[in-house]
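**Q** My structure file protein04.csv, CSV, C-alpha atoms, is below:
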chain,number,residue,atom,x,y,z
A,1,MET,CA,-41.7,36.4,-16.7
A,2,ARG,CA,-39.9,33.1,-16.0
A,3,ILE,CA,-39.1,31.4,-19.3
A,4,LEU,CA,-37.7,27.9,-19.9
A,5,ILE,CA,-35.9,27.0,-23.1
A,6,PRO,CA,-35.2,23.2,-23.3
A,7,THR,CA,-33.2,22.6,-26.4
A,8,ALA,CA,-31.0,20.1,-28.2
A,9,ASP,CA,-29.2,22.9,-30.0
A,10,TYR,CA,-27.0,25.4,-28.1
A,11,PRO,CA,-23.3,26.4,-28.1
A,12,PRO,CA,-20.9,24.8,-28.7
A,13,ILE,CA,-23.3,23.2,-31.3
A,14,GLU,CA,-23.2,25.2,-34.5
A,15,GLY,CA,-26.1,26.0,-36.8
A,16,GLY,CA,-29.1,28.2,-37.2
A,17,ILE,CA,-31.3,26.5,-34.6
A,18,GLY,CA,-28.6,26.9,-31.9
A,19,THR,CA,-28.1,30.5,-32.9
A,20,VAL,CA,-31.9,31.1,-32.4
A,21,ALA,CA,-31.7,29.5,-28.9
A,22,LEU,CA,-28.7,31.5,-27.9
A,23,GLN,CA,-29.8,34.9,-29.2
A,24,VAL,CA,-33.4,34.7,-28.1
A,25,ALA,CA,-32.2,33.7,-24.6
A,26,ARG,CA,-29.9,36.7,-24.4
A,27,GLU,CA,-32.5,39.1,-25.7
A,28,LEU,CA,-35.1,37.8,-23.2
A,29,ALA,CA,-32.7,38.4,-20.4
A,30,ARG,CA,-31.9,41.9,-21.6
A,31,LEU,CA,-35.7,42.6,-21.7
A,32,GLY,CA,-35.8,41.7,-18.0
A,33,HIS,CA,-37.1,38.2,-18.0
A,34,GLU,CA,-35.7,35.3,-15.9
A,35,VAL,CA,-34.5,32.8,-18.4
A,36,THR,CA,-33.3,29.2,-17.9
A,37,VAL,CA,-31.8,27.2,-20.7
A,38,VAL,CA,-31.6,23.4,-20.5
A,39,ALA,CA,-28.9,22.4,-23.0
A,40,PRO,CA,-26.6,19.5,-23.9
A,41,TYR,CA,-23.5,19.1,-21.8
A,42,PHE,CA,-20.1,19.5,-23.4
A,43,ALA,CA,-16.8,19.7,-21.4
A,44,GLY,CA,-15.2,23.1,-21.2
A,45,MET,CA,-18.4,25.2,-21.5
A,46,GLU,CA,-18.4,26.3,-17.8
A,47,ASP,CA,-16.8,29.7,-18.5
A,48,PHE,CA,-19.1,30.4,-21.4
A,49,ASP,CA,-22.2,29.5,-19.4
A,50,ARG,CA,-21.1,31.7,-16.5
A,51,ALA,CA,-20.7,34.7,-18.8
A,52,GLU,CA,-24.2,34.4,-20.2
A,53,PRO,CA,-27.1,36.6,-18.7
A,54,VAL,CA,-29.2,33.4,-18.3
A,55,THR,CA,-29.1,30.3,-16.2
A,56,VAL,CA,-27.8,27.3,-18.2
A,57,ILE,CA,-28.4,23.8,-16.9
A,58,ARG,CA,-26.6,21.1,-18.9
A,59,TYR,CA,-27.7,17.5,-19.4
A,60,LYS,CA,-25.6,14.6,-20.5
A,61,GLY,CA,-26.4,12.1,-23.3
A,62,TYR,CA,-26.4,14.3,-26.4
A,63,GLY,CA,-24.8,11.6,-28.4
A,64,ALA,CA,-27.5,9.1,-27.6
A,65,GLY,CA,-29.8,10.2,-30.5
A,66,TRP,CA,-33.4,10.3,-29.7
A,67,LEU,CA,-32.7,9.0,-26.2
A,68,ARG,CA,-31.3,12.4,-25.4
A,69,LEU,CA,-34.9,13.4,-24.7
A,70,ALA,CA,-34.8,11.5,-21.4
A,71,PRO,CA,-32.0,13.5,-19.7
A,72,MET,CA,-33.4,16.7,-21.2
A,73,PHE,CA,-36.8,15.9,-19.8
A,74,ALA,CA,-35.4,15.0,-16.4
A,75,LYS,CA,-33.7,18.3,-16.1
A,76,SER,CA,-36.7,20.3,-17.4
A,77,TRP,CA,-39.6,18.7,-15.7
A,78,PRO,CA,-38.9,20.0,-12.1
A,79,LEU,CA,-38.7,23.6,-13.5
A,80,LEU,CA,-42.0,23.6,-15.3
A,81,ARG,CA,-44.1,24.2,-12.2
A,82,LYS,CA,-42.4,27.5,-11.7
A,83,THR,CA,-42.3,28.5,-15.4
A,84,ASP,CA,-44.6,31.1,-17.1
A,85,LEU,CA,-43.6,30.2,-20.7
A,86,VAL,CA,-41.8,27.4,-22.5
A,87,LEU,CA,-40.0,28.0,-25.8
A,88,GLY,CA,-39.9,24.7,-27.8
A,89,ILE,CA,-36.9,25.6,-30.0
A,90,ASN,CA,-36.9,22.0,-31.3
A,91,ILE,CA,-40.3,20.6,-32.0
A,92,SER,CA,-39.4,17.0,-31.2
A,93,TYR,CA,-37.7,17.9,-27.9
A,94,GLY,CA,-38.6,21.3,-26.4
A,95,GLY,CA,-41.9,21.3,-28.2
A,96,LEU,CA,-42.8,17.9,-26.7
A,97,ILE,CA,-41.7,19.0,-23.2
A,98,GLY,CA,-43.8,22.2,-23.6
A,99,TRP,CA,-46.9,20.2,-24.6
A,100,LEU,CA,-46.5,17.8,-21.7
A,101,GLY,CA,-46.0,20.8,-19.3
A,102,GLN,CA,-49.1,22.4,-20.6
A,103,LYS,CA,-51.1,19.2,-20.0
A,104,ARG,CA,-49.7,18.8,-16.4
A,105,PHE,CA,-49.2,22.4,-15.2
A,106,ARG,CA,-51.1,24.5,-17.8
A,107,VAL,CA,-47.9,26.3,-18.8
A,108,PRO,CA,-48.2,28.0,-22.2
A,109,TYR,CA,-45.6,27.2,-24.8
A,110,LEU,CA,-44.4,28.4,-28.2
A,111,THR,CA,-43.2,26.1,-31.0
A,112,PHE,CA,-40.9,26.9,-33.8
A,113,ALA,CA,-40.8,25.8,-37.5
A,114,TYR,CA,-37.8,26.0,-39.7
A,115,ALA,CA,-38.5,23.4,-42.4
A,116,TYR,CA,-36.9,20.0,-42.4
A,117,GLU,CA,-37.3,19.2,-38.7
A,118,PHE,CA,-41.0,18.4,-39.3
A,119,LEU,CA,-41.1,17.6,-43.0
A,120,LYS,CA,-38.8,14.6,-42.4
A,121,PHE,CA,-41.7,13.0,-40.5
A,122,ARG,CA,-44.4,13.6,-43.1
A,123,HIS,CA,-44.4,9.9,-44.2
A,124,ASN,CA,-44.6,8.6,-40.6
A,125,PRO,CA,-48.3,8.8,-39.7
A,126,LEU,CA,-47.7,8.4,-35.9
A,127,ALA,CA,-44.9,10.9,-35.6
A,128,SER,CA,-46.7,13.4,-37.9
A,129,ALA,CA,-49.9,13.2,-35.8
A,130,LEU,CA,-48.0,13.8,-32.6
A,131,LEU,CA,-46.1,16.8,-34.1
A,132,ARG,CA,-49.3,18.3,-35.5
A,133,ARG,CA,-50.9,18.1,-32.1
A,134,ILE,CA,-47.8,19.7,-30.4
A,135,TYR,CA,-47.9,22.6,-32.9
A,136,ALA,CA,-51.7,23.0,-32.8
A,137,ARG,CA,-51.8,23.1,-28.9
A,138,SER,CA,-49.0,25.7,-28.7
A,139,ALA,CA,-49.8,29.4,-28.0
A,140,ALA,CA,-48.4,30.0,-31.5
A,141,ALA,CA,-46.2,28.2,-34.0
A,142,ILE,CA,-43.4,30.6,-35.0
A,143,ALA,CA,-42.4,30.0,-38.6
A,144,ILE,CA,-39.1,31.8,-39.6
A,145,SER,CA,-40.2,32.4,-43.2
A,146,SER,CA,-43.2,32.3,-45.5
A,147,TYR,CA,-41.8,29.1,-47.0
A,148,SER,CA,-41.7,27.4,-43.5
A,149,ARG,CA,-45.3,28.7,-42.8
A,150,ASP,CA,-46.6,27.2,-46.1
A,151,ARG,CA,-44.9,23.9,-45.5
A,152,LEU,CA,-46.2,23.8,-41.9
A,153,VAL,CA,-49.8,24.4,-43.1
A,154,GLU,CA,-49.4,21.7,-45.8
A,155,PHE,CA,-48.2,19.4,-43.0
A,156,GLY,CA,-51.5,19.9,-41.3
A,157,VAL,CA,-51.1,22.6,-38.7
A,158,PRO,CA,-54.0,25.1,-38.7
A,159,ALA,CA,-53.0,28.3,-40.5
A,160,ASN,CA,-54.4,30.5,-37.7
A,161,ARG,CA,-51.9,28.9,-35.3
A,162,VAL,CA,-48.9,29.9,-37.4
A,163,ARG,CA,-47.2,33.3,-37.3
A,164,VAL,CA,-44.3,34.3,-39.5
A,165,ILE,CA,-41.5,36.1,-37.6
A,166,HIS,CA,-38.2,36.6,-39.3
A,167,PRO,CA,-35.0,36.1,-37.4
A,168,GLY,CA,-31.9,38.1,-38.2
A,169,ALA,CA,-28.7,39.4,-36.9
A,170,ASN,CA,-27.3,41.9,-34.4
A,171,PRO,CA,-26.6,45.3,-36.1
A,172,ALA,CA,-22.8,45.6,-36.7
A,173,PRO,CA,-20.6,48.5,-35.7
A,174,PRO,CA,-18.9,50.6,-38.4
A,175,PRO,CA,-15.9,48.8,-39.9
A,176,ASP,CA,-12.6,49.3,-38.2
A,177,PRO,CA,-10.0,50.0,-41.0
A,178,GLU,CA,-7.2,48.6,-38.9
A,179,ALA,CA,-9.1,45.4,-38.2
A,180,VAL,CA,-9.8,45.0,-41.9
A,181,ARG,CA,-6.1,45.5,-42.8
A,182,ALA,CA,-5.2,42.9,-40.1
A,183,ILE,CA,-7.5,40.2,-41.4
A,184,LYS,CA,-6.5,40.8,-45.0
A,185,HIS,CA,-2.9,40.5,-44.0
A,186,LYS,CA,-3.6,37.3,-42.1
A,187,PHE,CA,-5.1,35.6,-45.1
A,188,VAL,CA,-2.9,37.4,-47.7
A,189,LEU,CA,-5.9,39.1,-49.3
A,190,ASP,CA,-3.9,41.6,-51.4
A,191,THR,CA,-7.0,42.5,-53.4
A,192,ASP,CA,-10.3,44.3,-52.9
A,193,HIS,CA,-12.2,41.7,-54.9
A,194,VAL,CA,-12.9,39.4,-52.0
A,195,ILE,CA,-15.9,37.0,-52.1
A,196,LEU,CA,-16.9,35.6,-48.8
A,197,ALA,CA,-19.0,32.5,-48.0
A,198,VAL,CA,-19.8,31.5,-44.4
A,199,GLY,CA,-21.6,28.4,-43.3
A,200,ARG,CA,-21.3,24.7,-42.4
A,201,MET,CA,-20.1,22.8,-45.4
A,202,ILE,CA,-23.0,20.6,-46.2
A,203,ARG,CA,-24.6,19.7,-49.5
A,204,ARG,CA,-27.5,22.2,-49.4
A,205,LYS,CA,-25.1,25.2,-48.9
A,206,ASN,CA,-23.8,24.4,-52.4
A,207,HIS,CA,-20.2,25.4,-52.0
A,208,VAL,CA,-19.2,23.2,-54.9
A,209,ALA,CA,-21.3,25.3,-57.3
A,210,LEU,CA,-19.8,28.5,-55.9
A,211,VAL,CA,-16.3,27.2,-56.6
A,212,LYS,CA,-17.3,26.2,-60.1
A,213,ALA,CA,-18.4,29.8,-60.7
A,214,MET,CA,-14.9,31.1,-60.0
A,215,PRO,CA,-13.3,30.6,-63.4
A,216,ARG,CA,-15.9,32.9,-65.0
A,217,VAL,CA,-15.3,35.5,-62.3
A,218,LEU,CA,-11.6,35.3,-62.7
A,219,GLU,CA,-11.9,35.9,-66.5
A,220,ARG,CA,-13.1,39.5,-65.6
A,221,PHE,CA,-11.3,40.0,-62.3
A,222,PRO,CA,-8.1,37.9,-62.3
A,223,ASP,CA,-7.1,38.9,-58.7
A,224,ALA,CA,-10.5,37.9,-57.2
A,225,VAL,CA,-10.3,35.6,-54.1
A,226,LEU,CA,-13.0,33.4,-52.6
A,227,ILE,CA,-12.7,32.7,-48.9
A,228,VAL,CA,-14.9,29.9,-47.5
A,229,VAL,CA,-15.3,30.0,-43.7
A,230,GLY,CA,-16.5,26.8,-42.1
A,231,GLN,CA,-16.1,23.1,-42.3
A,232,GLY,CA,-18.2,20.0,-42.7
A,233,PRO,CA,-18.8,16.8,-44.8
A,234,THR,CA,-18.5,18.5,-48.2
A,235,MET,CA,-15.3,20.3,-47.5
A,236,MET,CA,-13.1,17.8,-49.4
A,237,ASP,CA,-15.5,17.8,-52.3
A,238,THR,CA,-15.3,21.5,-52.5
A,239,VAL,CA,-11.5,21.5,-52.3
A,240,HIS,CA,-11.4,18.9,-55.1
A,241,ALA,CA,-13.8,21.0,-57.2
A,242,ALA,CA,-11.4,24.0,-56.8
A,243,TRP,CA,-8.5,21.9,-58.0
A,244,HIS,CA,-10.5,20.5,-60.9
A,245,ALA,CA,-11.7,24.0,-62.0
A,246,GLY,CA,-8.1,25.3,-61.8
A,247,VAL,CA,-8.9,27.9,-59.2
A,248,ARG,CA,-7.4,26.4,-56.1
A,249,GLU,CA,-4.9,29.3,-55.8
A,250,HIS,CA,-7.9,31.7,-55.6
A,251,VAL,CA,-9.9,29.8,-53.0
A,252,ILE,CA,-9.0,29.9,-49.3
A,253,PHE,CA,-10.4,27.4,-46.7
A,254,PRO,CA,-9.6,28.6,-43.2
A,255,GLY,CA,-12.0,26.2,-41.5
A,256,ARG,CA,-13.9,27.5,-38.5
A,257,LEU,CA,-13.0,31.0,-37.3
A,258,SER,CA,-14.0,33.0,-34.2
A,259,ASP,CA,-17.0,35.3,-34.4
A,260,GLU,CA,-14.6,38.3,-34.2
A,261,GLU,CA,-12.5,37.1,-37.2
A,262,THR,CA,-15.6,36.2,-39.2
A,263,ALA,CA,-17.0,39.7,-38.5
A,264,MET,CA,-13.7,41.2,-39.8
A,265,LEU,CA,-14.0,39.2,-43.0
A,266,TYR,CA,-17.6,40.4,-43.5
A,267,ASP,CA,-16.2,43.9,-43.4
A,268,ALA,CA,-13.3,43.1,-45.7
A,269,CYS,CA,-15.3,41.3,-48.4
A,270,GLU,CA,-16.8,43.0,-51.5
A,271,VAL,CA,-19.6,40.4,-52.0
A,272,PHE,CA,-21.1,37.7,-49.8
A,273,ALA,CA,-22.1,34.6,-51.8
A,274,LEU,CA,-23.8,31.3,-50.8
A,275,PRO,CA,-25.9,29.7,-53.5
A,276,THR,CA,-28.0,27.6,-51.1
A,277,GLY,CA,-30.2,24.9,-52.7
A,278,GLN,CA,-31.7,21.6,-51.8
A,279,ASP,CA,-29.9,18.4,-50.8
A,280,GLY,CA,-30.8,14.8,-51.8
A,281,ARG,CA,-33.1,14.4,-48.7
A,282,GLY,CA,-35.2,17.5,-49.4
A,283,GLN,CA,-33.4,19.8,-46.9
A,284,VAL,CA,-33.4,23.5,-47.7
A,285,GLU,CA,-32.6,26.7,-45.9
A,286,GLY,CA,-35.6,27.7,-43.8
A,287,PHE,CA,-34.3,31.3,-43.8
A,288,GLY,CA,-30.5,31.8,-43.9
A,289,LEU,CA,-29.1,33.7,-41.0
A,290,VAL,CA,-25.8,34.3,-42.7
A,291,PHE,CA,-27.5,36.5,-45.2
A,292,ALA,CA,-28.8,38.8,-42.4
A,293,GLU,CA,-25.3,38.8,-40.9
A,294,ALA,CA,-23.9,39.9,-44.3
A,295,HIS,CA,-26.6,42.6,-44.5
A,296,ALA,CA,-25.7,43.8,-41.0
A,297,HIS,CA,-22.2,44.6,-42.3
A,298,GLY,CA,-23.7,46.4,-45.3
A,299,LYS,CA,-22.7,43.8,-47.9
A,300,PRO,CA,-24.6,42.8,-51.0
A,301,VAL,CA,-25.5,39.2,-51.2
A,302,VAL,CA,-25.7,36.5,-53.9
A,303,ALA,CA,-28.0,33.6,-52.7
A,304,GLY,CA,-29.7,30.6,-54.0
A,305,ARG,CA,-33.4,30.9,-54.9
A,306,SER,CA,-34.7,28.2,-52.6
A,307,GLY,CA,-36.6,27.5,-49.4
A,308,GLY,CA,-37.0,30.6,-47.2
A,309,VAL,CA,-34.1,32.5,-48.6
A,310,ALA,CA,-36.4,34.9,-50.5
A,311,ASP,CA,-37.5,36.2,-47.1
A,312,ALA,CA,-33.9,36.8,-46.0
A,313,VAL,CA,-32.7,38.4,-49.3
A,314,ILE,CA,-35.0,40.7,-51.3
A,315,ASP,CA,-34.0,40.1,-54.9
A,316,GLY,CA,-32.7,43.3,-56.6
A,317,GLU,CA,-33.0,45.3,-53.4
A,318,THR,CA,-30.7,43.7,-50.8
A,319,GLY,CA,-29.1,41.1,-53.0
A,320,LEU,CA,-29.4,38.9,-56.0
A,321,LEU,CA,-31.2,35.5,-56.1
A,322,VAL,CA,-29.9,32.9,-58.5
A,323,ASP,CA,-30.6,29.3,-59.6
A,324,PRO,CA,-28.3,27.4,-57.2
A,325,SER,CA,-27.6,24.7,-59.7
A,326,GLN,CA,-26.2,27.0,-62.4
A,327,PRO,CA,-22.5,28.1,-61.8
A,328,HIS,CA,-22.7,30.5,-64.7
A,329,GLU,CA,-25.7,32.3,-63.1
A,330,ILE,CA,-23.9,32.5,-59.8
A,331,ALA,CA,-20.9,33.9,-61.5
A,332,ASP,CA,-22.9,36.5,-63.5
A,333,ALA,CA,-24.5,37.7,-60.3
A,334,ILE,CA,-21.2,38.1,-58.5
A,335,LEU,CA,-19.7,39.9,-61.6
A,336,ARG,CA,-22.7,42.3,-61.8
A,337,LEU,CA,-22.0,43.4,-58.2
A,338,MET,CA,-18.2,43.6,-58.6
A,339,ALA,CA,-18.5,45.5,-61.9
A,340,ASP,CA,-21.0,48.1,-60.5
A,341,PRO,CA,-19.8,49.3,-57.1
A,342,GLU,CA,-22.6,51.8,-56.8
A,343,PHE,CA,-25.2,49.1,-57.3
A,344,ALA,CA,-23.4,46.8,-54.9
A,345,ARG,CA,-23.2,49.6,-52.3
A,346,ARG,CA,-26.9,50.4,-52.6
A,347,LEU,CA,-27.9,46.8,-52.1
A,348,GLY,CA,-25.6,46.5,-49.1
A,349,GLU,CA,-27.0,49.7,-47.5
A,350,ASN,CA,-30.5,48.5,-48.1
A,351,GLY,CA,-29.6,45.3,-46.3
A,352,ARG,CA,-28.0,47.2,-43.4
A,353,ARG,CA,-31.2,49.3,-42.9
A,354,ARG,CA,-33.4,46.3,-43.0
A,355,VAL,CA,-31.4,44.6,-40.2
A,356,LYS,CA,-31.6,47.8,-38.1
A,357,LYS,CA,-35.3,48.1,-38.7
A,358,GLU,CA,-36.6,44.5,-38.7
A,359,LEU,CA,-34.2,41.6,-39.2
A,360,ASN,CA,-32.6,41.7,-35.7
A,361,TRP,CA,-32.9,39.6,-32.6
A,362,ARG,CA,-34.5,42.3,-30.5
A,363,GLN,CA,-37.5,42.5,-32.9
A,364,PHE,CA,-37.7,38.8,-33.3
A,365,THR,CA,-37.9,38.3,-29.5
A,366,ILE,CA,-40.4,41.1,-29.0
A,367,GLN,CA,-42.6,39.7,-31.7
A,368,LEU,CA,-42.6,36.1,-30.3
A,369,LEU,CA,-43.5,37.4,-26.9
A,370,GLU,CA,-46.4,39.4,-28.5
A,371,ALA,CA,-47.5,36.1,-30.2
A,372,ALA,CA,-47.6,34.4,-26.8
A,373,THR,CA,-49.4,37.2,-25.1
A,374,GLN,CA,-52.0,37.6,-27.9
A,375,ALA,CA,-52.7,33.9,-27.8
A,376,GLY,CA,-53.3,34.1,-24.1
A,377,GLN,CA,-55.9,36.9,-24.6
A,378,THR,CA,-58.0,35.0,-27.1
Since I need it in another form, could you write the structure as structure tokens?
**A**
Amino acid sequence: MRILIPTADYPPIEGGIGTVALQVARELARLGHEVTVVAPYFAGMEDFDRAEPVTVIRYKGYGAGWLRLAPMFAKSWPLLRKTDLVLGINISYGGLIGWLGQKRFRVPYLTFAYAYEFLKFRHNPLASALLRRIYARSAAAIAISSYSRDRLVEFGVPANRVRVIHPGANPAPPPDPEAVRAIKHKFVLDTDHVILAVGRMIRRKNHVALVKAMPRVLERFPDAVLIVVGQGPTMMDTVHAAWHAGVREHVIFPGRLSDEETAMLYDACEVFALPTGQDGRGQVEGFGLVFAEAHAHGKPVVAGRSGGVADAVIDGETGLLVDPSQPHEIADAILRLMADPEFARRLGENGRRRVKKELNWRQFTIQLLEAATQAGQT
């Protein structure tokens, strides 16, 4: 099958949507499909693109805001005639191109629903009507969580057009003890009580509340260390919160790390914690890929009870869900896991098994292809 993925999110752009585009493209290629990705141009990505198992066509103008649709459309349109399926990773870009391609060339397309990317238009009647039409005319709208599905139906998309398919992570190999020692040496982690957070530092990730939980954790485990991987607009607020709480010596901010180093920290940590919540604009996590990544490494998770996170983390089975606005509740969940290694191990192993069985990119990709095929048969 010849599959086109026109997207506004793809490496080096970070974030969950870019990860979906990258991993789905790779899995489709591994399954034997001919995949073309139309993605934003950034200098220095030539070697990366050549190493991918797909054809990557780059368009310029990413920084032009909504006008980036024009160069994306110009690169995508000539390919549609020879395409069997379009994946509209972003509803306002790839989804629109898929809809127009269907009207002109009768090419089927799939749309995707995370959460905020369509909810931000709910008070704009014209934009909402267009997005509802794009979703409704797609072979299927792939919602990444029950939360996203429910919001999409409330938005006005027919429920029978929506299918929930959970994304996930690639299963991780067994930990390499030497690699774990090396990464702990690099960041001077001379303790086993390592708490890890990974993610772009934005308000809904709630890093500040996590830092505010640390004094309570340190009362019980004085050698505990929190390492926060990532950067973003709330980084300075989080650093200031650490100083104000008197825990700056116990919080490490390494910024962005390579995938390899991040994987080593997953193996080195005792608990993964990210109390995701809601920001002032109503943005929440549609799912939370980092939780699946932590599960892939067999780690128990502490996560915020919000958005689609309840689909990513099964409370009491693969992790603990907490009120993201309550630092003491975050701390108590971390302490429960650190004080009961057997309970923590059981949650981590449950998470690892879930990734191997269902929360992985191979299953996600197979299921979205099934959704397209089933729609074509009805």
**Q** With distances taken over all atoms listed in the file, which residue among A:Val180, A:Ala169, A:Ile334, A:Ile57 lies nearest Leu226 of chain A?
**A**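 Looking at the shortest contact to Leu226 of chain A, the residue is A:Ile334.
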**Q** Which distance in Å separates atom CA of Ala159 of chain A and atom CA of Ala372 of chain A, to one decimal?
**A** 15.9 Å
**Q** Any idea what the distance is between atom CA of Gly304 of chain A and atom CA of Gly255 of chain A?
**A** 22.1 Å
**Q** Determine, counting only C-alpha atoms, which protein, DNA and RNA residues have an atom within 10 Å of an atom of Gln374 of chain A; residues of the same chain fewer than 5 positions away are not included. Present the result as a list in words.
**A**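 These residues fall inside the cut-off: Ala139, Ala140, Leu368 and Leu369 of chain A.
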**Q** For Arg352 of chain A, which of A:Ile314, A:Ala296, A:Ile134, A:Ile252 is the closest residue, counting only C-alpha atoms?
**A**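 Of the candidates, the smallest distance to Arg352 of chain A is held by A:Ala296.
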**Q** Quick one: residues within 6 Å of Gly319 of chain A, all atoms listed in the file counted, chain neighbours fewer than 5 positions away excluded, as JSON, numbers by chain?
**A** {"A": [300, 301, 302, 313, 347]}
**Q** Of the residues A:Asn350, A:Thr55, A:Gln278, A:Thr262, which is the one nearest to Lys205 of chain A, using only C-alpha atoms?
**A**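 Closest to Lys205 of chain A, using only C-alpha atoms: A:Gln278.
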**Q** Figure out the distance between atom CA of His166 of chain A and atom CA of Phe121 of chain A, please, to one decimal in Å.
**A**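 Those two atoms sit 23.9 Å apart.
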**Q** Glu370 of chain A: which residues within 12 Å, counting all atoms listed in the file, same-chain residues fewer than 6 positions away excluded, as a PyMOL selection string?
**A** chain A and resi 110+139-140+142+163+165+363-364+376-377
**Q** Hey, can you pull every residue with an atom no more than 12 Å from (-12.6, 21.2, -46.5), using all atoms listed in the file, and send it as a PyMOL selection string?
**A** chain A and resi 199-202+207-208+227-242+251-256
**Q** Set the distance at 9 Å and use only C-alpha atoms: which residues neighbour segment 50-53 of chain A once local chain neighbours fewer than 3 positions away are removed? I'd like the list as a compact mmCIF listing (two decimals) with C-alpha atoms, in the frame of the given file.
**A**
# COMPACT_ATOMS: atom_id res chain seq x y z
CA ALA A 25 -32.20 33.70 -24.60
CA ARG A 26 -29.90 36.70 -24.40
CA ALA A 29 -32.70 38.40 -20.40
CA ARG A 30 -31.90 41.90 -21.60
CA VAL A 35 -34.50 32.80 -18.40
CA MET A 45 -18.40 25.20 -21.50
CA GLU A 46 -18.40 26.30 -17.80
CA ASP A 47 -16.80 29.70 -18.50
CA VAL A 56 -27.80 27.30 -18.20
**Q** For each of A:Leu152, A:Val37, A:Val211, A:Ile97, take the minimum atom-to-atom distance to Gln326 of chain A, counting only C-alpha atoms, then give the residue where this is smallest.
**A**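 Nearest to Gln326 of chain A: A:Val211.
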**Q** Which residue, A:Gly94, A:Gly316, A:Gly280, A:Pro215, has the smallest gap to Arg346 of chain A when you use all atoms listed in the file?
**A**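 The answer is A:Gly316, which sits nearest to Arg346 of chain A.
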